[in-house]
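S.K.: Before I ask anything, let me first share the structure, which is written out below as structure tokens.
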Amino acid sequence: MSQGRSPILELNQITKAFGGVEALRGVDFALYAGEIHGLVGENGAGKSTLMKIIAGVHPEFSGRFMLDGKETRFRSTRDAHAAGIAMVHQELSVAPDLTVAENVFLGNQPTNRLGLVQWRRMARDAGEQLGRFGIDVDPMSRLGDLPIGLQQLIEIARVLFSGARIVILDEPTSALSPPEVERLFATLRRLRDEGTGIVFISHFIEDILRVSDTVTVFRNGRKVAETAAAETTKGALIEAMIGRGGDALEHSYTDDLQLAPSNGGRVVLKVDQLSLGRSLRDVSFEARSGEVLGIYGFMGCGQQELSRILFGKLRPDGGTIVVDGRARKLRSTAAARRAGVALVPESRRDMLFHQEPVYKNISISVLERISALLLKPARERAIAMRQVEQLQIRPPVVGLDLGMLSGGNQQKVALAKWLTYPPRLLVLCEPTRGMDVGAKNDVINIVRDLRAKGLAIIVLSTEPETVLSLADRILVLKRGAVVREFANEAVSKDRLLEAA
Amino acid sequence: MASSDSATAPAPRLRGFGAFLRSQMRNIAPFLTLIVLSAFFAIASPSFATLDNVGNILTQVSVTGIIAVGLTFVILCAEIDLSVASIANVTGIAVAYFTLQESYVNIANVPMPGWAAILLALALCALLGLVNALGLTVIGIPSFIMTLAMMQIAAGISALLVRGQIAYKVPPLISTLGSGAIGGVPWIVIVAAVMLLGGHLVLTYTRFGRYIYMVGGNREAAEFSGLNVKLILGSVMVISAVCSGIGGMLGVAHFGSAQQNEFDTYLLDSIAAVVVGGTSLFGGRGGIGNTIVGLFVLGVLNNGLDHVNIDSFLKILIRGLILLAALIINVYAQRLRERTTD
Ligand SMILES: Nc1ncnc2c1ncn2[C@@H]1O[C@H](COP(=O)(O)OP(=O)(O)OP(=O)(O)O)[C@@H](O)[C@H]1O
Ligand SMILES: [Mg+2]
């Protein structure tokens, strides 16, 4: 489709290594004005690395970098920015302590002649921009107080409306609800028609196929395929990604799925009349041993708050929590853990120590059990190694700093830390976010194993697929209240969406 | 399970030497500074590089060293304790206050047996540390502000105890540890060494030490890992106050007197020792090893400047500049590290 025109961005034989790890090996990549270029590949395939090179984050690499047909080298993100390249990073990179408006205008706040920031104008403009994108939020509220999905939307909006002519979106939809994804896609199409070159990375192959013009597949640091989106299929892409048939790996859940009747397991968690400000209203439910309870809802439906309350990070205004037959106050995360509750939050940044090696990240939650006073590093490494093998974390080196793993592998580490001594109740927020199809399947298997061991598991997600692939029973949360329960009946993606 | 293909991904080799150097910048730079300073003074003054003078330097940094042990814990947690010098001062004064003074000392003191005086003084500094801890963790006052208030409170207690007078006597144990020597080695140096070693062992080999690094590295993540972050932060504030108290008691014995504002320079010195040594102000990086190097940098600098007979007013400026350089390296090292691990 883009033949005949010359690309605005052209990379040749890009190679990039981090120490001994070769993240990219001789990759060619071209982006045209007015195209949406989808990028897929397994966790650690090198997608983010290539995009960071384009955005000036990694100035050191080998290969040829051509912008508008001229050879260019960015020394910093600022150079890239000046050249009209903007990127939404996989890891949220907002400033949580600033206001929404400041975040929208990060770096180029409107100032008056004296150089003072024009707050009123900034707030109004920010509100307008976000409004166009369907985000209704007070521009003067502190960004860190908003749910993570909303933060992601605001970051996307900032980049989309920054006027850049090359826009890179690294897994932007992971925290968005279906209607928000639709709005994003509509905006992307509009920008494309206006001539912007857009790169879109996602593990949701269907989204990729739906929105992109061209699709490139990465595997193991190499580009293994590039096709027009119209000429390929989901199965073919998955096969190119992981090197074998992918049909068995991903369902689309459009058909009815029969939920099994209750297994009659012991009630591990009983929540009664839980409420928290405007976020949660009279939420009551039970979670049983040997059962996965899915809690589905759009972003901002109160899921995040609910998970934080169960893990003692937030105190509810009212309601009771009974774990294993004992009423619990859960005043702190330490108390929640003692009560047998574990949580994997949706944000890796909040959960992991990026400057510490993988093994310390995994062992942190078991230290109390393996060492009374003195540390036992050999034991820690052994424990970590077992998890790394079980979850197929790449590269399988427990001494590597966590920050050197790809996003999806970091997510696996976040899960790994609770698996050595499984808790009574495991709360998983968006457990498969950012994972490739293979890894998602791994997570599904792990969760099933844990369920077989008798854990009570709660999976909270804004992705219907995640809930449908894991849950035995599903609650739908809407504006802080439980509006529907699916148990022992047929359910499908459409029905879930409808209920929410 | 899936992902068979990525199993063939290259196993990382040893990372490049350059990357290693960059990630170790915060440890290497202070050490180089120490070597350069020592070499400079050794050449500039014949009296500097003598065994006697090394002994002097060790003695001169001892009180700072004792205080810096606790402060290292605090800074590793990405907090700060500005009350260390004031707490040292009030504890030193307290131990003298509970000791029988000569008749010409005009202080309404409360004489007690030596052990009781020591215990009371220790209890006092622990209590002040506890107030810091509660302010920080329960009420949620930032440590910078909380300990600033404590600095005044401790100074206030000191003032009330001595009322402008000077006390001289401290319990025999304290006076031995502060000003005595064994086999030619001052006890105060031994105490400092033992405390630094103890701090190092706790930080490196115990679970508590690991927790300190984790809380400093990413507090949110520590909390999400189910650590009792408030307990850890609180403990660290108490440890810092107790270390300061011990430093204060021995310091009083070392100087031979207990009076108001005696320790004022120790606040800057102990913070400088920790930071010049390369412990990150953002928490989670560094340790007692760094603090020891930092102590020696400051010790060599202070002592060496005396040997080369420099204008004593210029001395102050030079110290300030060295501190600034260390801060720049500290912040820069953090950035380099963030860049290598992204
Ligand atoms: N800063 C870094 N230092 C060292 N290694 C790195 C760094 N960033 C990435 N890597 C390594 O480079 C490889 C590619 O990582 P990259 O983040 O590009 O993967 P990705 O395709 O974006 O994966 P994901 O879908 O999990 O986000 C991985 O093996 C990763 O461990
Ligand atoms: Mg990535």
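Each chain in the structure tokens gets a letter, A, B, ..., in the order shown, and its residues are numbered from 1; ligands are numbered from 1 in order too.
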I need the alpha helix (DSSP H) residues of range 82-266 of chain B per DSSP on the backbone, written as a ChimeraX atom specification.
M.R.: /B:84-97,114-134,143-162,172-179,187-205,207-217,219-224,229-255,264-266
S.K.: Give me the residues within 6 Å of range 77-81 of chain A as JSON, numbers by chain, counting only C-alpha atoms and dropping any in the same chain fewer than 6 places off.
M.R.: {"A": [55, 56, 57]}
S.K.: Could you take the residues named above and write them with C-alpha atoms, as a PDB file, in the first residue's frame?
M.R.:
```
ATOM      1  CA  ALA A  55      12.395   7.869  20.260  1.00  0.00           C
ATOM      2  CA  GLY A  56      15.976   8.657  21.221  1.00  0.00           C
ATOM      3  CA  VAL A  57      15.920   6.746  24.519  1.00  0.00           C
TER       4      VAL A  57
END
```
S.K.: Can I get the residues close to ligand 2 as a PyMOL selection string, where close means within 12 Å and we count only C-alpha atoms and all ligand atoms?
M.R.: chain A and resi 23+39-52+88-92+169-172+174+200-203+218+221+403-411+433-436
S.K.: Keeping only N, CA and C atoms, write the selected residues as a short mmCIF file (atom, residue, chain, number, x, y, z; two decimals), in the first residue's frame.
M.R.:
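out.cif was written with the following content:
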```
data_model
loop_
_atom_site.label_atom_id
_atom_site.label_comp_id
_atom_site.auth_asym_id
_atom_site.auth_seq_id
_atom_site.Cartn_x
_atom_site.Cartn_y
_atom_site.Cartn_z
N ALA A 23 19.39 -7.54 21.95
CA ALA A 23 17.95 -7.30 21.91
C ALA A 23 17.46 -7.19 20.46
N LEU A 39 2.88 -3.70 15.43
CA LEU A 39 4.09 -4.44 15.76
C LEU A 39 3.71 -5.52 16.75
N VAL A 40 4.01 -6.77 16.42
CA VAL A 40 3.72 -7.84 17.37
C VAL A 40 4.96 -8.70 17.57
N GLY A 41 4.95 -9.47 18.64
CA GLY A 41 6.07 -10.35 18.95
C GLY A 41 6.01 -10.77 20.40
N GLU A 42 6.68 -11.87 20.70
CA GLU A 42 6.68 -12.38 22.06
C GLU A 42 7.31 -11.39 23.03
N ASN A 43 7.11 -11.65 24.31
CA ASN A 43 7.79 -10.85 25.33
C ASN A 43 9.29 -10.97 25.15
N GLY A 44 9.94 -9.84 25.09
CA GLY A 44 11.39 -9.86 24.95
C GLY A 44 11.84 -9.96 23.50
N ALA A 45 10.92 -9.85 22.55
CA ALA A 45 11.29 -9.98 21.14
C ALA A 45 12.08 -8.77 20.64
N GLY A 46 11.94 -7.64 21.36
CA GLY A 46 12.72 -6.47 20.97
C GLY A 46 11.88 -5.30 20.47
N LYS A 47 10.57 -5.39 20.61
CA LYS A 47 9.69 -4.34 20.10
C LYS A 47 9.96 -3.00 20.78
N SER A 48 9.93 -3.03 22.12
CA SER A 48 10.12 -1.78 22.84
C SER A 48 11.50 -1.21 22.58
N THR A 49 12.48 -2.10 22.46
CA THR A 49 13.85 -1.63 22.25
C THR A 49 13.95 -0.85 20.94
N LEU A 50 13.36 -1.38 19.88
CA LEU A 50 13.41 -0.69 18.59
C LEU A 50 12.71 0.67 18.70
N MET A 51 11.58 0.69 19.37
CA MET A 51 10.85 1.95 19.48
C MET A 51 11.61 2.97 20.31
N LYS A 52 12.30 2.47 21.35
CA LYS A 52 13.08 3.39 22.17
C LYS A 52 14.25 3.96 21.38
N VAL A 88 4.38 6.90 23.56
CA VAL A 88 3.75 6.48 24.81
C VAL A 88 4.46 5.21 25.22
N HIS A 89 5.14 5.26 26.36
CA HIS A 89 5.91 4.10 26.78
C HIS A 89 5.03 3.04 27.39
N GLN A 90 5.55 1.81 27.30
CA GLN A 90 4.85 0.67 27.87
C GLN A 90 4.64 0.88 29.36
N GLU A 91 5.73 1.32 30.02
CA GLU A 91 5.61 1.68 31.42
C GLU A 91 5.07 3.10 31.44
N LEU A 92 4.05 3.30 32.22
CA LEU A 92 3.46 4.62 32.34
C LEU A 92 4.56 5.61 32.71
N LEU A 169 3.07 4.09 19.96
CA LEU A 169 2.25 3.67 21.10
C LEU A 169 2.66 2.26 21.50
N ASP A 170 3.32 2.13 22.63
CA ASP A 170 3.80 0.82 23.08
C ASP A 170 2.77 0.23 24.05
N GLU A 171 2.01 -0.70 23.59
CA GLU A 171 0.94 -1.33 24.37
C GLU A 171 0.07 -0.31 25.10
N PRO A 172 -0.58 0.56 24.34
CA PRO A 172 -1.33 1.63 24.97
C PRO A 172 -2.67 1.19 25.51
N SER A 174 -3.57 -1.50 27.19
CA SER A 174 -3.65 -2.56 28.19
C SER A 174 -4.58 -2.22 29.35
N PHE A 200 2.06 1.03 16.37
CA PHE A 200 1.15 0.56 17.40
C PHE A 200 1.58 -0.84 17.83
N ILE A 201 2.01 -0.97 19.08
CA ILE A 201 2.43 -2.27 19.59
C ILE A 201 1.34 -2.83 20.47
N SER A 202 1.01 -4.08 20.29
CA SER A 202 0.01 -4.68 21.18
C SER A 202 0.14 -6.19 21.17
N HIS A 203 -0.30 -6.79 22.26
CA HIS A 203 -0.38 -8.25 22.28
C HIS A 203 -1.78 -8.71 21.89
N PHE A 218 8.04 -9.55 15.14
CA PHE A 218 9.38 -9.71 15.69
C PHE A 218 9.49 -11.06 16.38
N GLY A 221 14.52 -10.79 18.55
CA GLY A 221 15.43 -9.74 18.10
C GLY A 221 15.50 -9.59 16.59
N GLY A 403 15.40 -4.46 35.90
CA GLY A 403 15.17 -3.45 34.89
C GLY A 403 15.61 -3.89 33.50
N MET A 404 16.41 -4.96 33.44
CA MET A 404 16.90 -5.40 32.13
C MET A 404 15.98 -6.41 31.48
N LEU A 405 14.93 -6.81 32.17
CA LEU A 405 13.99 -7.74 31.53
C LEU A 405 12.99 -6.96 30.70
N SER A 406 12.40 -7.64 29.72
CA SER A 406 11.34 -6.98 28.94
C SER A 406 10.09 -6.88 29.80
N GLY A 407 9.18 -6.02 29.37
CA GLY A 407 7.99 -5.75 30.16
C GLY A 407 7.23 -7.01 30.56
N GLY A 408 7.02 -7.90 29.61
CA GLY A 408 6.24 -9.10 29.90
C GLY A 408 6.95 -10.01 30.89
N ASN A 409 8.26 -10.09 30.77
CA ASN A 409 9.01 -10.92 31.70
C ASN A 409 8.99 -10.34 33.11
N GLN A 410 8.98 -9.01 33.19
CA GLN A 410 8.86 -8.38 34.50
C GLN A 410 7.52 -8.76 35.14
N GLN A 411 6.49 -8.77 34.31
CA GLN A 411 5.17 -9.13 34.81
C GLN A 411 5.18 -10.54 35.40
N ARG A 433 -1.81 -8.83 31.54
CA ARG A 433 -1.55 -7.59 30.81
C ARG A 433 -0.10 -7.58 30.33
N GLY A 434 0.07 -7.24 29.09
CA GLY A 434 1.42 -7.10 28.55
C GLY A 434 2.09 -8.43 28.22
N MET A 435 1.35 -9.53 28.32
CA MET A 435 1.98 -10.81 28.03
C MET A 435 1.65 -11.26 26.61
N ASP A 436 2.60 -11.98 26.00
CA ASP A 436 2.32 -12.50 24.67
C ASP A 436 1.43 -13.74 24.78
#
```
S.K.: Pull out every residue of chain A that has at least one atom within 8 Å of chain B, counting only C-alpha atoms, and report them as a ChimeraX atom specification.
M.R.: /A:18-22,42,220,242-243,332-337,343-345,349-355,364-365,367-368,371-375,392,394-397,401-404,438-439,441-442
S.K.: Under the rule that only C-alpha atoms are counted, which of B:Ile139, B:Leu130, B:Val69, B:Leu34 is the nearest residue to Val194 in chain B?
M.R.: B:Val69
S.K.: Which residues are close to range 315-321 of chain A, i.e. within 6 Å by only C-alpha atoms, leaving aside same-chain residues fewer than 3 positions away? Reply as number ranges by chain.
M.R.: A: 270-276, 309, 327-328
S.K.: Given the choices A:Thr15, A:Gln390, A:Ser289, A:Ser492, which gets closest to ligand 1 if the distance is worked out from only C-alpha atoms and all ligand atoms?
M.R.: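 Of all the options, A:Thr15 lies closest to ligand 1.
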S.K.: Tell me, which residues of range 74-264 of chain B carry DSSP strand (DSSP E or B), written as a PyMOL selection string?
M.R.: chain B and resi 167+181-182+185-186+206+258
S.K.: At a cut-off of 8 Å, using only C-alpha atoms, what residues contact Val61 in chain B? Leave out same-chain residues fewer than 6 positions from it and give the result as a short mmCIF file (atom, residue, chain, number, x, y, z; two decimals) with N, CA and C atoms, in the first residue's frame.
M.R.:
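Now in part_36.cif:
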```
data_model
loop_
_atom_site.label_atom_id
_atom_site.label_comp_id
_atom_site.auth_asym_id
_atom_site.auth_seq_id
_atom_site.Cartn_x
_atom_site.Cartn_y
_atom_site.Cartn_z
N LEU B 295 33.87 9.00 55.48
CA LEU B 295 34.47 9.48 56.73
C LEU B 295 35.94 9.82 56.52
N PHE B 296 36.63 8.92 55.82
CA PHE B 296 38.06 9.15 55.60
C PHE B 296 38.30 10.34 54.68
N GLY B 299 37.84 13.19 56.92
CA GLY B 299 38.90 13.19 57.94
C GLY B 299 40.21 13.65 57.35
#
```
S.K.: May I have the residues within 10 Å of Leu191 in chain A as a list in words, using only C-alpha atoms and disregarding those fewer than 6 positions away in the same chain?
M.R.: Gly34, Glu35, Ile36, Leu160, Phe161, Gly163, Arg165, Val167, Phe185, Gly197 and Ile198 of chain A
S.K.: For Ala108 in chain B, list every protein, DNA or RNA residue within 10 Å, evaluated using only C-alpha atoms, and leave out those in the same chain fewer than 3 positions away; present the list as a list of chain:residue names.
M.R.: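 These residues fall inside the cut-off: B:Tyr97, B:Phe98, B:Gln101, B:Val105, B:Pro111, B:Leu161, B:Val162, B:Arg163.
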S.K.: CA of Ala487 in chain A and CA of Gly277 in chain A, how far apart in Å?
M.R.: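 A separation of 28.5 Å between them.
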